[in-house]
file final-v5.pdb (PDB, C-alpha atoms, pLDDT in the B column)
ATOM      1  CA  MET T 544     -42.972  -6.656  26.905  1.00 66.00           C
ATOM      2  CA  SER T 545     -39.514  -6.244  25.367  1.00 84.00           C
ATOM      3  CA  PHE T 546     -38.756  -7.691  21.944  1.00 95.00           C
ATOM      4  CA  LEU T 547     -36.065  -9.811  23.617  1.00 97.00           C
ATOM      5  CA  SER T 548     -35.614 -10.279  27.342  1.00 96.00           C
ATOM      6  CA  LEU T 549     -33.365 -12.387  29.543  1.00 97.00           C
ATOM      7  CA  LYS T 550     -34.119 -12.454  33.247  1.00 97.00           C
ATOM      8  CA  ASN T 551     -31.747 -13.968  35.805  1.00 97.00           C
ATOM      9  CA  VAL T 552     -30.443 -16.511  33.279  1.00 97.00           C
ATOM     10  CA  THR T 553     -28.017 -19.173  34.483  1.00 97.00           C
ATOM     11  CA  ALA T 554     -26.193 -21.775  32.407  1.00 96.00           C
ATOM     12  CA  SER T 555     -23.416 -24.332  32.760  1.00 95.00           C
ATOM     13  CA  TYR T 556     -20.964 -26.341  30.696  1.00 93.00           C
ATOM     14  CA  GLY T 557     -21.293 -29.649  32.472  1.00 91.00           C
ATOM     15  CA  ALA T 558     -20.259 -29.118  36.077  1.00 91.00           C
ATOM     16  CA  THR T 559     -18.817 -25.675  35.332  1.00 94.00           C
ATOM     17  CA  GLN T 560     -21.271 -22.816  35.758  1.00 95.00           C
ATOM     18  CA  ALA T 561     -20.803 -20.056  33.176  1.00 95.00           C
ATOM     19  CA  LEU T 562     -23.747 -17.712  33.747  1.00 96.00           C
ATOM     20  CA  PHE T 563     -24.839 -16.701  37.226  1.00 96.00           C
ATOM     21  CA  GLY T 564     -27.636 -14.253  36.479  1.00 95.00           C
ATOM     22  CA  VAL T 565     -27.749 -12.437  33.142  1.00 97.00           C
ATOM     23  CA  ASP T 566     -30.409  -9.774  32.632  1.00 97.00           C
ATOM     24  CA  LEU T 567     -30.873  -7.834  29.424  1.00 96.00           C
ATOM     25  CA  SER T 568     -33.682  -6.449  27.326  1.00 96.00           C
ATOM     26  CA  LEU T 569     -33.867  -5.275  23.748  1.00 96.00           C
ATOM     27  CA  GLU T 570     -36.596  -3.298  22.052  1.00 95.00           C
ATOM     28  CA  GLU T 571     -37.444  -3.775  18.397  1.00 95.00           C
ATOM     29  CA  GLY T 572     -35.091  -1.749  16.200  1.00 95.00           C
ATOM     30  CA  GLU T 573     -32.571  -1.250  19.014  1.00 96.00           C
ATOM     31  CA  PHE T 574     -28.814  -1.807  18.842  1.00 96.00           C
ATOM     32  CA  LEU T 575     -27.435  -3.349  22.037  1.00 97.00           C
ATOM     33  CA  ALA T 576     -23.725  -3.709  22.778  1.00 96.00           C
ATOM     34  CA  LEU T 577     -22.941  -6.779  24.912  1.00 96.00           C
ATOM     35  CA  MET T 578     -19.569  -6.236  26.532  1.00 93.00           C
ATOM     36  CA  GLY T 579     -17.211  -7.638  29.126  1.00 93.00           C
ATOM     37  CA  ARG T 580     -13.691  -8.944  29.532  1.00 90.00           C
ATOM     38  CA  ASN T 581     -12.744 -12.314  28.066  1.00 90.00           C
ATOM     39  CA  GLY T 582     -14.445 -15.247  29.745  1.00 90.00           C
ATOM     40  CA  MET T 583     -17.239 -13.216  31.331  1.00 93.00           C
ATOM     41  CA  GLY T 584     -20.085 -14.977  29.504  1.00 94.00           C
ATOM     42  CA  LYS T 585     -20.734 -12.924  26.379  1.00 95.00           C
ATOM     43  CA  SER T 586     -20.543 -15.739  23.820  1.00 93.00           C
ATOM     44  CA  THR T 587     -22.421 -18.065  26.173  1.00 96.00           C
ATOM     45  CA  THR T 588     -25.223 -15.500  26.357  1.00 97.00           C
ATOM     46  CA  ILE T 589     -25.312 -15.360  22.550  1.00 96.00           C
ATOM     47  CA  LYS T 590     -25.560 -19.164  22.443  1.00 95.00           C
ATOM     48  CA  ILE T 591     -28.467 -19.041  24.900  1.00 96.00           C
ATOM     49  CA  ILE T 592     -30.346 -16.501  22.781  1.00 97.00           C
ATOM     50  CA  CYS T 593     -29.986 -18.493  19.559  1.00 95.00           C
ATOM     51  CA  ARG T 594     -30.637 -21.753  21.467  1.00 96.00           C
ATOM     52  CA  MET T 595     -27.327 -23.391  20.632  1.00 93.00           C
ATOM     53  CA  MET T 596     -27.143 -23.928  24.396  1.00 93.00           C
ATOM     54  CA  LYS T 597     -29.860 -24.501  26.979  1.00 93.00           C
ATOM     55  CA  HIS T 598     -30.182 -22.311  30.035  1.00 94.00           C
ATOM     56  CA  GLN T 599     -30.876 -23.768  33.464  1.00 93.00           C
ATOM     57  CA  ASP T 600     -32.814 -21.123  35.350  1.00 94.00           C
ATOM     58  CA  GLY T 601     -34.314 -17.790  34.438  1.00 96.00           C
ATOM     59  CA  GLU T 602     -36.406 -16.624  31.508  1.00 96.00           C
ATOM     60  CA  VAL T 603     -35.606 -16.095  27.823  1.00 96.00           C
ATOM     61  CA  ASN T 604     -38.372 -14.557  25.727  1.00 96.00           C
ATOM     62  CA  PHE T 605     -38.210 -13.419  22.110  1.00 95.00           C
ATOM     63  CA  ALA T 606     -41.016 -11.814  20.093  1.00 93.00           C
ATOM     64  CA  GLY T 607     -43.556 -12.906  22.702  1.00 91.00           C
ATOM     65  CA  ARG T 608     -42.312 -16.491  22.737  1.00 92.00           C
ATOM     66  CA  ASP T 609     -40.835 -18.421  25.651  1.00 94.00           C
ATOM     67  CA  MET T 610     -37.599 -19.861  24.245  1.00 93.00           C
ATOM     68  CA  ARG T 611     -37.112 -22.615  26.832  1.00 92.00           C
ATOM     69  CA  GLY T 612     -36.981 -26.005  25.147  1.00 88.00           C
ATOM     70  CA  LEU T 613     -36.808 -24.491  21.670  1.00 92.00           C
ATOM     71  CA  PRO T 614     -34.111 -25.994  19.382  1.00 93.00           C
ATOM     72  CA  SER T 615     -31.793 -23.706  17.455  1.00 93.00           C
ATOM     73  CA  HIS T 616     -33.383 -24.304  14.035  1.00 91.00           C
ATOM     74  CA  LYS T 617     -36.763 -23.190  15.377  1.00 93.00           C
ATOM     75  CA  ALA T 618     -35.181 -20.102  16.934  1.00 93.00           C
ATOM     76  CA  ALA T 619     -33.795 -19.311  13.486  1.00 92.00           C
ATOM     77  CA  ARG T 620     -37.260 -19.692  11.984  1.00 91.00           C
ATOM     78  CA  LEU T 621     -38.577 -17.225  14.561  1.00 93.00           C
ATOM     79  CA  GLY T 622     -36.077 -14.713  13.192  1.00 95.00           C
ATOM     80  CA  VAL T 623     -32.870 -15.072  15.207  1.00 96.00           C
ATOM     81  CA  GLY T 624     -29.869 -14.717  12.887  1.00 95.00           C
ATOM     82  CA  LEU T 625     -26.287 -15.362  13.994  1.00 93.00           C
ATOM     83  CA  VAL T 626     -22.930 -14.174  12.696  1.00 92.00           C
ATOM     84  CA  PRO T 627     -20.763 -16.552  14.731  1.00 87.00           C
ATOM     85  CA  GLU T 628     -17.365 -15.904  16.217  1.00 80.00           C
ATOM     86  CA  GLY T 629     -14.723 -17.201  13.826  1.00 72.00           C
ATOM     87  CA  ARG T 630     -17.010 -16.757  10.776  1.00 73.00           C
ATOM     88  CA  ARG T 631     -17.500 -20.515  10.167  1.00 83.00           C
ATOM     89  CA  CYS T 632     -18.239 -20.301   6.464  1.00 89.00           C
ATOM     90  CA  PHE T 633     -18.615 -23.568   4.571  1.00 85.00           C
ATOM     91  CA  PRO T 634     -15.109 -23.721   3.039  1.00 89.00           C
ATOM     92  CA  ASN T 635     -15.855 -26.029   0.106  1.00 90.00           C
ATOM     93  CA  LEU T 636     -18.979 -24.164  -1.013  1.00 94.00           C
ATOM     94  CA  THR T 637     -18.885 -21.127  -3.249  1.00 96.00           C
ATOM     95  CA  VAL T 638     -19.845 -17.698  -2.008  1.00 95.00           C
ATOM     96  CA  GLU T 639     -23.232 -17.990  -3.694  1.00 95.00           C
ATOM     97  CA  GLU T 640     -23.811 -21.465  -2.266  1.00 95.00           C
ATOM     98  CA  ASN T 641     -22.959 -20.237   1.240  1.00 92.00           C
ATOM     99  CA  LEU T 642     -25.474 -17.425   0.854  1.00 95.00           C
ATOM    100  CA  THR T 643     -28.301 -19.556  -0.492  1.00 94.00           C
ATOM    101  CA  ALA T 644     -27.794 -22.580   1.777  1.00 90.00           C
ATOM    102  CA  ALA T 645     -29.943 -21.159   4.580  1.00 83.00           C
ATOM    103  CA  ALA T 646     -31.877 -18.515   2.655  1.00 92.00           C
ATOM    104  CA  ARG T 647     -35.452 -17.700   3.622  1.00 91.00           C
ATOM    105  CA  THR T 648     -37.968 -15.592   1.754  1.00 93.00           C
ATOM    106  CA  GLY T 649     -37.915 -11.913   2.621  1.00 93.00           C
ATOM    107  CA  GLU T 650     -36.446  -8.522   1.821  1.00 94.00           C
ATOM    108  CA  TRP T 651     -32.868  -9.787   1.841  1.00 96.00           C
ATOM    109  CA  THR T 652     -32.384 -11.526  -1.485  1.00 96.00           C
ATOM    110  CA  LEU T 653     -29.193 -12.592  -3.234  1.00 95.00           C
ATOM    111  CA  ASP T 654     -29.233  -9.468  -5.397  1.00 95.00           C
ATOM    112  CA  ARG T 655     -29.703  -7.218  -2.362  1.00 95.00           C
ATOM    113  CA  ILE T 656     -26.814  -8.927  -0.582  1.00 95.00           C
ATOM    114  CA  PHE T 657     -24.606  -8.390  -3.629  1.00 95.00           C
ATOM    115  CA  ASP T 658     -25.647  -4.723  -3.743  1.00 95.00           C
ATOM    116  CA  PHE T 659     -24.905  -4.347  -0.031  1.00 94.00           C
ATOM    117  CA  LEU T 660     -21.657  -6.325  -0.202  1.00 92.00           C
ATOM    118  CA  PRO T 661     -20.410  -5.859  -3.796  1.00 92.00           C
ATOM    119  CA  ARG T 662     -17.167  -7.701  -3.125  1.00 91.00           C
ATOM    120  CA  LEU T 663     -19.182 -10.872  -2.697  1.00 94.00           C
ATOM    121  CA  ARG T 664     -20.637 -10.440  -6.171  1.00 94.00           C
ATOM    122  CA  GLU T 665     -17.088 -10.340  -7.538  1.00 94.00           C
ATOM    123  CA  ARG T 666     -16.301 -13.558  -5.629  1.00 93.00           C
ATOM    124  CA  ARG T 667     -19.614 -15.355  -6.111  1.00 94.00           C
ATOM    125  CA  GLU T 668     -18.099 -18.391  -7.886  1.00 95.00           C
ATOM    126  CA  GLN T 669     -15.086 -18.728  -5.560  1.00 93.00           C
ATOM    127  CA  SER T 670     -15.031 -21.210  -2.707  1.00 94.00           C
ATOM    128  CA  ALA T 671     -15.165 -19.631   0.744  1.00 92.00           C
ATOM    129  CA  ALA T 672     -11.785 -21.165   1.576  1.00 93.00           C
ATOM    130  CA  THR T 673     -10.100 -18.902  -1.000  1.00 94.00           C
ATOM    131  CA  LEU T 674     -11.438 -15.656   0.490  1.00 92.00           C
ATOM    132  CA  SER T 675      -9.513 -13.287   2.731  1.00 91.00           C
ATOM    133  CA  GLY T 676     -10.498 -13.008   6.394  1.00 89.00           C
ATOM    134  CA  GLY T 677     -12.398  -9.792   5.739  1.00 88.00           C
ATOM    135  CA  GLU T 678     -14.246 -11.289   2.780  1.00 92.00           C
ATOM    136  CA  GLN T 679     -15.179 -14.339   4.868  1.00 92.00           C
ATOM    137  CA  GLN T 680     -16.570 -12.005   7.526  1.00 91.00           C
ATOM    138  CA  MET T 681     -18.654 -10.227   4.903  1.00 92.00           C
ATOM    139  CA  LEU T 682     -19.863 -13.626   3.741  1.00 93.00           C
ATOM    140  CA  ALA T 683     -20.829 -14.602   7.292  1.00 93.00           C
ATOM    141  CA  ILE T 684     -22.818 -11.385   7.637  1.00 94.00           C
ATOM    142  CA  GLY T 685     -24.452 -11.874   4.242  1.00 94.00           C
ATOM    143  CA  ARG T 686     -25.341 -15.475   5.077  1.00 95.00           C
ATOM    144  CA  ALA T 687     -27.058 -14.385   8.301  1.00 95.00           C
ATOM    145  CA  LEU T 688     -28.966 -11.656   6.458  1.00 96.00           C
ATOM    146  CA  MET T 689     -30.171 -14.193   3.880  1.00 95.00           C
ATOM    147  CA  THR T 690     -32.177 -15.845   6.680  1.00 95.00           C
ATOM    148  CA  ASN T 691     -34.086 -12.532   6.856  1.00 96.00           C
ATOM    149  CA  PRO T 692     -33.696 -12.215  10.619  1.00 96.00           C
ATOM    150  CA  LYS T 693     -35.712 -10.038  12.961  1.00 96.00           C
ATOM    151  CA  LEU T 694     -32.765 -10.059  15.371  1.00 97.00           C
ATOM    152  CA  LEU T 695     -29.127 -10.165  14.247  1.00 97.00           C
ATOM    153  CA  LEU T 696     -26.478 -11.421  16.682  1.00 96.00           C
ATOM    154  CA  LEU T 697     -22.909 -10.381  15.871  1.00 94.00           C
ATOM    155  CA  ASP T 698     -20.340 -12.296  17.908  1.00 91.00           C
ATOM    156  CA  GLU T 699     -16.903 -10.660  17.547  1.00 87.00           C
ATOM    157  CA  ALA T 700     -17.576  -9.606  13.962  1.00 84.00           C
ATOM    158  CA  THR T 701     -14.335  -7.604  13.649  1.00 83.00           C
ATOM    159  CA  GLU T 702     -11.959  -9.819  15.624  1.00 82.00           C
ATOM    160  CA  GLY T 703      -8.613 -10.489  13.963  1.00 79.00           C
ATOM    161  CA  LEU T 704      -9.225  -8.226  10.978  1.00 80.00           C
ATOM    162  CA  ALA T 705      -6.922  -5.532   9.625  1.00 85.00           C
ATOM    163  CA  PRO T 706      -7.803  -1.969  10.739  1.00 87.00           C
ATOM    164  CA  ASN T 707      -9.055  -0.895   7.305  1.00 87.00           C
ATOM    165  CA  ILE T 708     -11.302  -3.961   7.062  1.00 86.00           C
ATOM    166  CA  ARG T 709     -12.591  -3.359  10.597  1.00 87.00           C
ATOM    167  CA  THR T 710     -13.551   0.158   9.555  1.00 90.00           C
ATOM    168  CA  GLU T 711     -15.373  -1.249   6.532  1.00 88.00           C
ATOM    169  CA  ILE T 712     -17.258  -3.812   8.647  1.00 89.00           C
ATOM    170  CA  TRP T 713     -18.300  -1.173  11.192  1.00 91.00           C
ATOM    171  CA  ALA T 714     -19.633   0.992   8.355  1.00 90.00           C
ATOM    172  CA  MET T 715     -21.721  -1.978   7.174  1.00 89.00           C
ATOM    173  CA  ILE T 716     -23.014  -2.549  10.710  1.00 91.00           C
ATOM    174  CA  GLY T 717     -24.007   1.113  10.891  1.00 93.00           C
ATOM    175  CA  GLN T 718     -25.936   0.739   7.644  1.00 94.00           C
ATOM    176  CA  LEU T 719     -27.729  -2.314   9.015  1.00 94.00           C
ATOM    177  CA  LYS T 720     -28.742  -0.353  12.097  1.00 94.00           C
ATOM    178  CA  ALA T 721     -30.165   2.362   9.844  1.00 94.00           C
ATOM    179  CA  THR T 722     -32.532  -0.194   8.278  1.00 94.00           C
ATOM    180  CA  GLY T 723     -34.220  -0.661  11.679  1.00 94.00           C
ATOM    181  CA  LEU T 724     -32.922  -4.185  12.226  1.00 96.00           C
ATOM    182  CA  SER T 725     -32.625  -5.230  15.878  1.00 97.00           C
ATOM    183  CA  ILE T 726     -28.981  -5.999  16.643  1.00 97.00           C
ATOM    184  CA  ILE T 727     -26.896  -7.352  19.509  1.00 97.00           C
ATOM    185  CA  ALA T 728     -23.150  -7.029  19.005  1.00 95.00           C
ATOM    186  CA  VAL T 729     -20.322  -8.545  21.029  1.00 93.00           C
ATOM    187  CA  ASP T 730     -17.054  -6.788  20.342  1.00 85.00           C
ATOM    188  CA  LYS T 731     -13.974  -5.445  22.108  1.00 83.00           C
ATOM    189  CA  SER T 732     -14.005  -2.172  20.156  1.00 81.00           C
ATOM    190  CA  LEU T 733     -15.456   0.159  22.768  1.00 84.00           C
ATOM    191  CA  LYS T 734     -14.994   3.270  20.628  1.00 85.00           C
ATOM    192  CA  GLU T 735     -16.889   1.782  17.685  1.00 87.00           C
ATOM    193  CA  LEU T 736     -19.607   0.293  19.869  1.00 89.00           C
ATOM    194  CA  ARG T 737     -20.193   3.610  21.608  1.00 85.00           C
ATOM    195  CA  GLY T 738     -20.603   5.208  18.198  1.00 85.00           C
ATOM    196  CA  VAL T 739     -23.396   2.899  17.038  1.00 91.00           C
ATOM    197  CA  ALA T 740     -25.059   1.307  20.109  1.00 94.00           C
ATOM    198  CA  ASP T 741     -28.226   2.615  21.711  1.00 95.00           C
ATOM    199  CA  ASN T 742     -27.708   0.719  24.958  1.00 95.00           C
ATOM    200  CA  CYS T 743     -25.025  -1.395  26.589  1.00 95.00           C
ATOM    201  CA  VAL T 744     -24.911  -4.392  28.887  1.00 96.00           C
ATOM    202  CA  ILE T 745     -21.633  -5.292  30.578  1.00 95.00           C
ATOM    203  CA  LEU T 746     -21.116  -8.768  31.997  1.00 96.00           C
ATOM    204  CA  GLU T 747     -18.747  -9.620  34.809  1.00 95.00           C
ATOM    205  CA  ARG T 748     -18.209 -13.159  36.049  1.00 93.00           C
ATOM    206  CA  GLY T 749     -21.252 -14.426  34.209  1.00 94.00           C
ATOM    207  CA  ALA T 750     -23.728 -11.847  35.488  1.00 96.00           C
ATOM    208  CA  THR T 751     -24.991  -8.440  34.427  1.00 97.00           C
ATOM    209  CA  ALA T 752     -22.807  -5.837  36.126  1.00 95.00           C
ATOM    210  CA  TRP T 753     -23.949  -2.683  34.340  1.00 95.00           C
ATOM    211  CA  THR T 754     -26.696  -1.672  31.944  1.00 95.00           C
ATOM    212  CA  GLY T 755     -27.605   1.678  30.472  1.00 94.00           C
ATOM    213  CA  SER T 756     -27.439   3.906  27.429  1.00 93.00           C
ATOM    214  CA  ALA T 757     -24.208   4.135  25.471  1.00 89.00           C
ATOM    215  CA  GLY T 758     -24.011   7.814  26.365  1.00 87.00           C
ATOM    216  CA  ASP T 759     -24.137   7.017  30.086  1.00 92.00           C
ATOM    217  CA  LEU T 760     -21.180   4.632  29.934  1.00 90.00           C
ATOM    218  CA  ASP T 761     -18.473   6.824  31.454  1.00 90.00           C
ATOM    219  CA  ASP T 762     -14.749   6.204  31.238  1.00 89.00           C
ATOM    220  CA  ALA T 763     -14.442   5.210  34.903  1.00 92.00           C
ATOM    221  CA  THR T 764     -17.086   2.479  34.563  1.00 91.00           C
ATOM    222  CA  ALA T 765     -15.582   1.290  31.293  1.00 90.00           C
ATOM    223  CA  SER T 766     -12.128   1.105  32.864  1.00 90.00           C
ATOM    224  CA  ARG T 767     -13.399  -0.749  35.936  1.00 92.00           C
ATOM    225  CA  LEU T 768     -15.437  -3.347  34.057  1.00 91.00           C
ATOM    226  CA  LEU T 769     -13.673  -3.574  30.694  1.00 90.00           C
ATOM    227  CA  GLY T 770     -10.076  -2.589  31.357  1.00 80.00           C
ATOM    228  CA  VAL T 771      -7.295  -5.154  31.422  1.00 54.00           C
TER     229      VAL T 771
END

call {"tool": "encode", "arguments": {"input": "final-v5.pdb", "output": "structure tokens"}}
result
Amino acid sequence: MSFLSLKNVTASYGATQALFGVDLSLEEGEFLALMGRNGMGKSTTIKIICRMMKHQDGEVNFAGRDMRGLPSHKAARLGVGLVPEGRRCFPNLTVEENLTAAARTGEWTLDRIFDFLPRLRERREQSAATLSGGEQQMLAIGRALMTNPKLLLLDEATEGLAPNIRTEIWAMIGQLKATGLSIIAVDKSLKELRGVADNCVILERGATAWTGSAGDLDDATASRLLGV
């Protein structure tokens, strides 16, 4: 059994159906790129995995556990960590308070986060609202790591950032992969995803349209399913 598996998952926002049959699987220690054009169901799939949204039909299993009916806080306790789209740091809390608010015992401690993201150590007493966009993204990643996740979900972790900061974030993501952490990343940066992902899943109109290794994703398929 896969570490994480979704089989024929459907989901709706009220009367509007968003997912029509999503299939994906992730092995422990694998990096999976979840791709697709805007509005194809990527963020909805992330919400389903971390249980911020219920699915209607299909199966969602993580670490041998059926996730149906599980609330999001229990999914987090099972080891699902989320870096949400838009960062969503607590603006009035300091960097250190943001990091410790949801901390759980494990290998990722405050000192390790500060070693991994030294800029956060420099800003530890500042409120999150005073940080730059790149620093807030680092804080969002650090906050997720402080939950000591078994699976890290990165939803548009480099969106809206300056090119040099994007490069820095991708380097951090590569380092996280090297630790053996299981990762699913949603991002529009095909070049960067190809460089770090083991496998890819492409969604189209709320369903899985292509799945395979990053090396097997040819330019023609990428253009057909990801091109504007």

call {"tool": "residues_near_point", "arguments": {"input": "final-v5.pdb", "point": "(-30.0, -11.1, 5.5)", "cutoff": "9 Å", "atoms": "all atoms listed in the file", "output": "list in words"}}
result
Gly624, Ala646, Arg647, Gly649, Glu650, Trp651, Thr652, Leu653, Arg655, Ile656, Ile684, Gly685, Arg686, Ala687, Leu688, Met689, Thr690, Asn691, Pro692 and Leu695 of chain T

call {"tool": "closest_atom_pairs", "arguments": {"input": "final-v5.pdb", "of": "range 618-678 of chain T", "to": "range 584-603 of chain T", "cutoff": "8 Å", "atoms": "all atoms listed in the file", "output": "tab-separated table"}}
result
residue	atom	partner	partner_atom	distance
T:Ala618	CA	T:Cys593	CA	6.0
T:Ala619	CA	T:Cys593	CA	7.2
T:Val623	CA	T:Cys593	CA	6.2
T:Gly624	CA	T:Cys593	CA	7.7
T:Leu625	CA	T:Cys593	CA	7.4

call {"tool": "closest_residue", "arguments": {"input": "final-v5.pdb", "among": "T:Ala554, T:Asp609, T:Glu668, T:Leu549", "to": "Asp566 in chain T", "atoms": "all atoms listed in the file"}}
result
T:Leu549

call {"tool": "atom_distance", "arguments": {"input": "final-v5.pdb", "atom1": "CA of Leu569 in chain T", "atom2": "CA of Leu642 in chain T"}}
result
27.2 Å

call {"tool": "residues_around", "arguments": {"input": "final-v5.pdb", "residues": "range 717-724 of chain T", "least_positions_apart": "2", "cutoff": "9 Å", "atoms": "all atoms listed in the file", "output": "PyMOL selection string"}}
result
chain T and resi 571-574+692-695+712-715+726+739-740

call {"tool": "atom_distance", "arguments": {"input": "final-v5.pdb", "atom1": "CA of Val744 in chain T", "atom2": "CA of Leu567 in chain T"}}
result
6.9 Å

call {"tool": "atom_distance", "arguments": {"input": "final-v5.pdb", "atom1": "CA of Phe563 in chain T", "atom2": "CA of Asp698 in chain T"}}
result
20.3 Å

call {"tool": "closest_residue", "arguments": {"input": "final-v5.pdb", "among": "T:Gly676, T:Ser615, T:Leu621, T:Leu682", "to": "Phe633 in chain T", "atoms": "all atoms listed in the file"}}
result
T:Leu682

call {"tool": "residues_around", "arguments": {"input": "final-v5.pdb", "residues": "Ile708 in chain T", "least_positions_apart": "5", "cutoff": "12 Å", "atoms": "all atoms listed in the file", "output": "tab-separated table (two decimals) with C-alpha atoms, in the coordinates of the input"}}
result
chain	number	residue	atom	x	y	z
T	675	SER	CA	-9.51	-13.29	2.73
T	676	GLY	CA	-10.50	-13.01	6.39
T	677	GLY	CA	-12.40	-9.79	5.74
T	678	GLU	CA	-14.25	-11.29	2.78
T	679	GLN	CA	-15.18	-14.34	4.87
T	680	GLN	CA	-16.57	-12.00	7.53
T	681	MET	CA	-18.65	-10.23	4.90
T	700	ALA	CA	-17.58	-9.61	13.96
T	701	THR	CA	-14.34	-7.60	13.65
T	702	GLU	CA	-11.96	-9.82	15.62
T	703	GLY	CA	-8.61	-10.49	13.96
T	713	TRP	CA	-18.30	-1.17	11.19
T	714	ALA	CA	-19.63	0.99	8.36
T	715	MET	CA	-21.72	-1.98	7.17

call {"tool": "residues_around", "arguments": {"input": "final-v5.pdb", "residues": "Lys734 in chain T", "least_positions_apart": "5", "cutoff": "12 Å", "atoms": "all atoms listed in the file", "output": "ChimeraX atom specification"}}
result
/T:576,710,713,739-740,757-758,760-762,765

call {"tool": "write_last_selection", "arguments": {"input": "final-v5.pdb", "atoms": "C-alpha atoms", "output": "PDB file, keeping the file's coordinate frame"}}
result
ATOM      1  CA  ALA T 576     -23.725  -3.709  22.778  1.00 96.00           C
ATOM      2  CA  THR T 710     -13.551   0.158   9.555  1.00 90.00           C
ATOM      3  CA  TRP T 713     -18.300  -1.173  11.192  1.00 91.00           C
ATOM      4  CA  VAL T 739     -23.396   2.899  17.038  1.00 91.00           C
ATOM      5  CA  ALA T 740     -25.059   1.307  20.109  1.00 94.00           C
ATOM      6  CA  ALA T 757     -24.208   4.135  25.471  1.00 89.00           C
ATOM      7  CA  GLY T 758     -24.011   7.814  26.365  1.00 87.00           C
ATOM      8  CA  LEU T 760     -21.180   4.632  29.934  1.00 90.00           C
ATOM      9  CA  ASP T 761     -18.473   6.824  31.454  1.00 90.00           C
ATOM     10  CA  ASP T 762     -14.749   6.204  31.238  1.00 89.00           C
ATOM     11  CA  ALA T 765     -15.582   1.290  31.293  1.00 90.00           C
TER      12      ALA T 765
END

call {"tool": "resolve_selection", "arguments": {"input": "final-v5.pdb", "expression": "the PyMOL selection byres ((chain T and resi 769) around 12)", "output": "ChimeraX atom specification"}}
result
/T:577-583,730-733,744-748,752-753,760-768,770-771

call {"tool": "axis_aligned_box", "arguments": {"input": "final-v5.pdb", "around": "range 662-669 of chain T", "padding_each_side": "6 Å", "output": "AutoDock Vina command-line options"}}
result
--center_x -17.9 --center_y -13.2 --center_z -5.3 --size_x 17.6 --size_y 23.0 --size_z 17.2

call {"tool": "residues_around", "arguments": {"input": "final-v5.pdb", "residues": "Asn635 in chain T", "least_positions_apart": "4", "cutoff": "9 Å", "atoms": "only C-alpha atoms", "output": "PyMOL selection string"}}
result
chain T and resi 670-672

call {"tool": "build_atoms", "arguments": {"input": "final-v5.pdb", "residues": "range 637-650 of chain T", "atoms": "N, CA and C atoms", "output": "compact mmCIF listing (two decimals), in the frame of the given file"}}
result
# COMPACT_ATOMS: atom_id res chain seq x y z
N THR T 637 -19.15 -22.45 -2.69
CA THR T 637 -18.89 -21.13 -3.25
C THR T 637 -19.57 -20.06 -2.41
N VAL T 638 -19.21 -18.82 -2.69
CA VAL T 638 -19.84 -17.70 -2.01
C VAL T 638 -21.36 -17.75 -2.19
N GLU T 639 -21.79 -17.95 -3.43
CA GLU T 639 -23.23 -17.99 -3.69
C GLU T 639 -23.90 -19.16 -2.98
N GLU T 640 -23.24 -20.30 -2.95
CA GLU T 640 -23.81 -21.46 -2.27
C GLU T 640 -23.90 -21.23 -0.76
N ASN T 641 -22.90 -20.58 -0.18
CA ASN T 641 -22.96 -20.24 1.24
C ASN T 641 -24.15 -19.33 1.53
N LEU T 642 -24.39 -18.39 0.64
CA LEU T 642 -25.47 -17.42 0.85
C LEU T 642 -26.85 -18.06 0.70
N THR T 643 -26.98 -18.98 -0.21
CA THR T 643 -28.30 -19.56 -0.49
C THR T 643 -28.61 -20.79 0.35
N ALA T 644 -27.60 -21.34 1.04
CA ALA T 644 -27.79 -22.58 1.78
C ALA T 644 -28.89 -22.47 2.83
N ALA T 645 -28.96 -21.33 3.51
CA ALA T 645 -29.94 -21.16 4.58
C ALA T 645 -30.92 -20.02 4.29
N ALA T 646 -31.04 -19.66 3.02
CA ALA T 646 -31.88 -18.52 2.66
C ALA T 646 -33.35 -18.75 2.96
N ARG T 647 -34.01 -17.69 3.41
CA ARG T 647 -35.45 -17.70 3.62
C ARG T 647 -36.05 -16.51 2.90
N THR T 648 -37.30 -16.64 2.51
CA THR T 648 -37.97 -15.59 1.75
C THR T 648 -38.09 -14.32 2.58
N GLY T 649 -37.80 -13.19 1.94
CA GLY T 649 -37.92 -11.91 2.62
C GLY T 649 -37.25 -10.81 1.84
N GLU T 650 -37.01 -9.69 2.49
CA GLU T 650 -36.45 -8.52 1.82
C GLU T 650 -35.00 -8.73 1.41
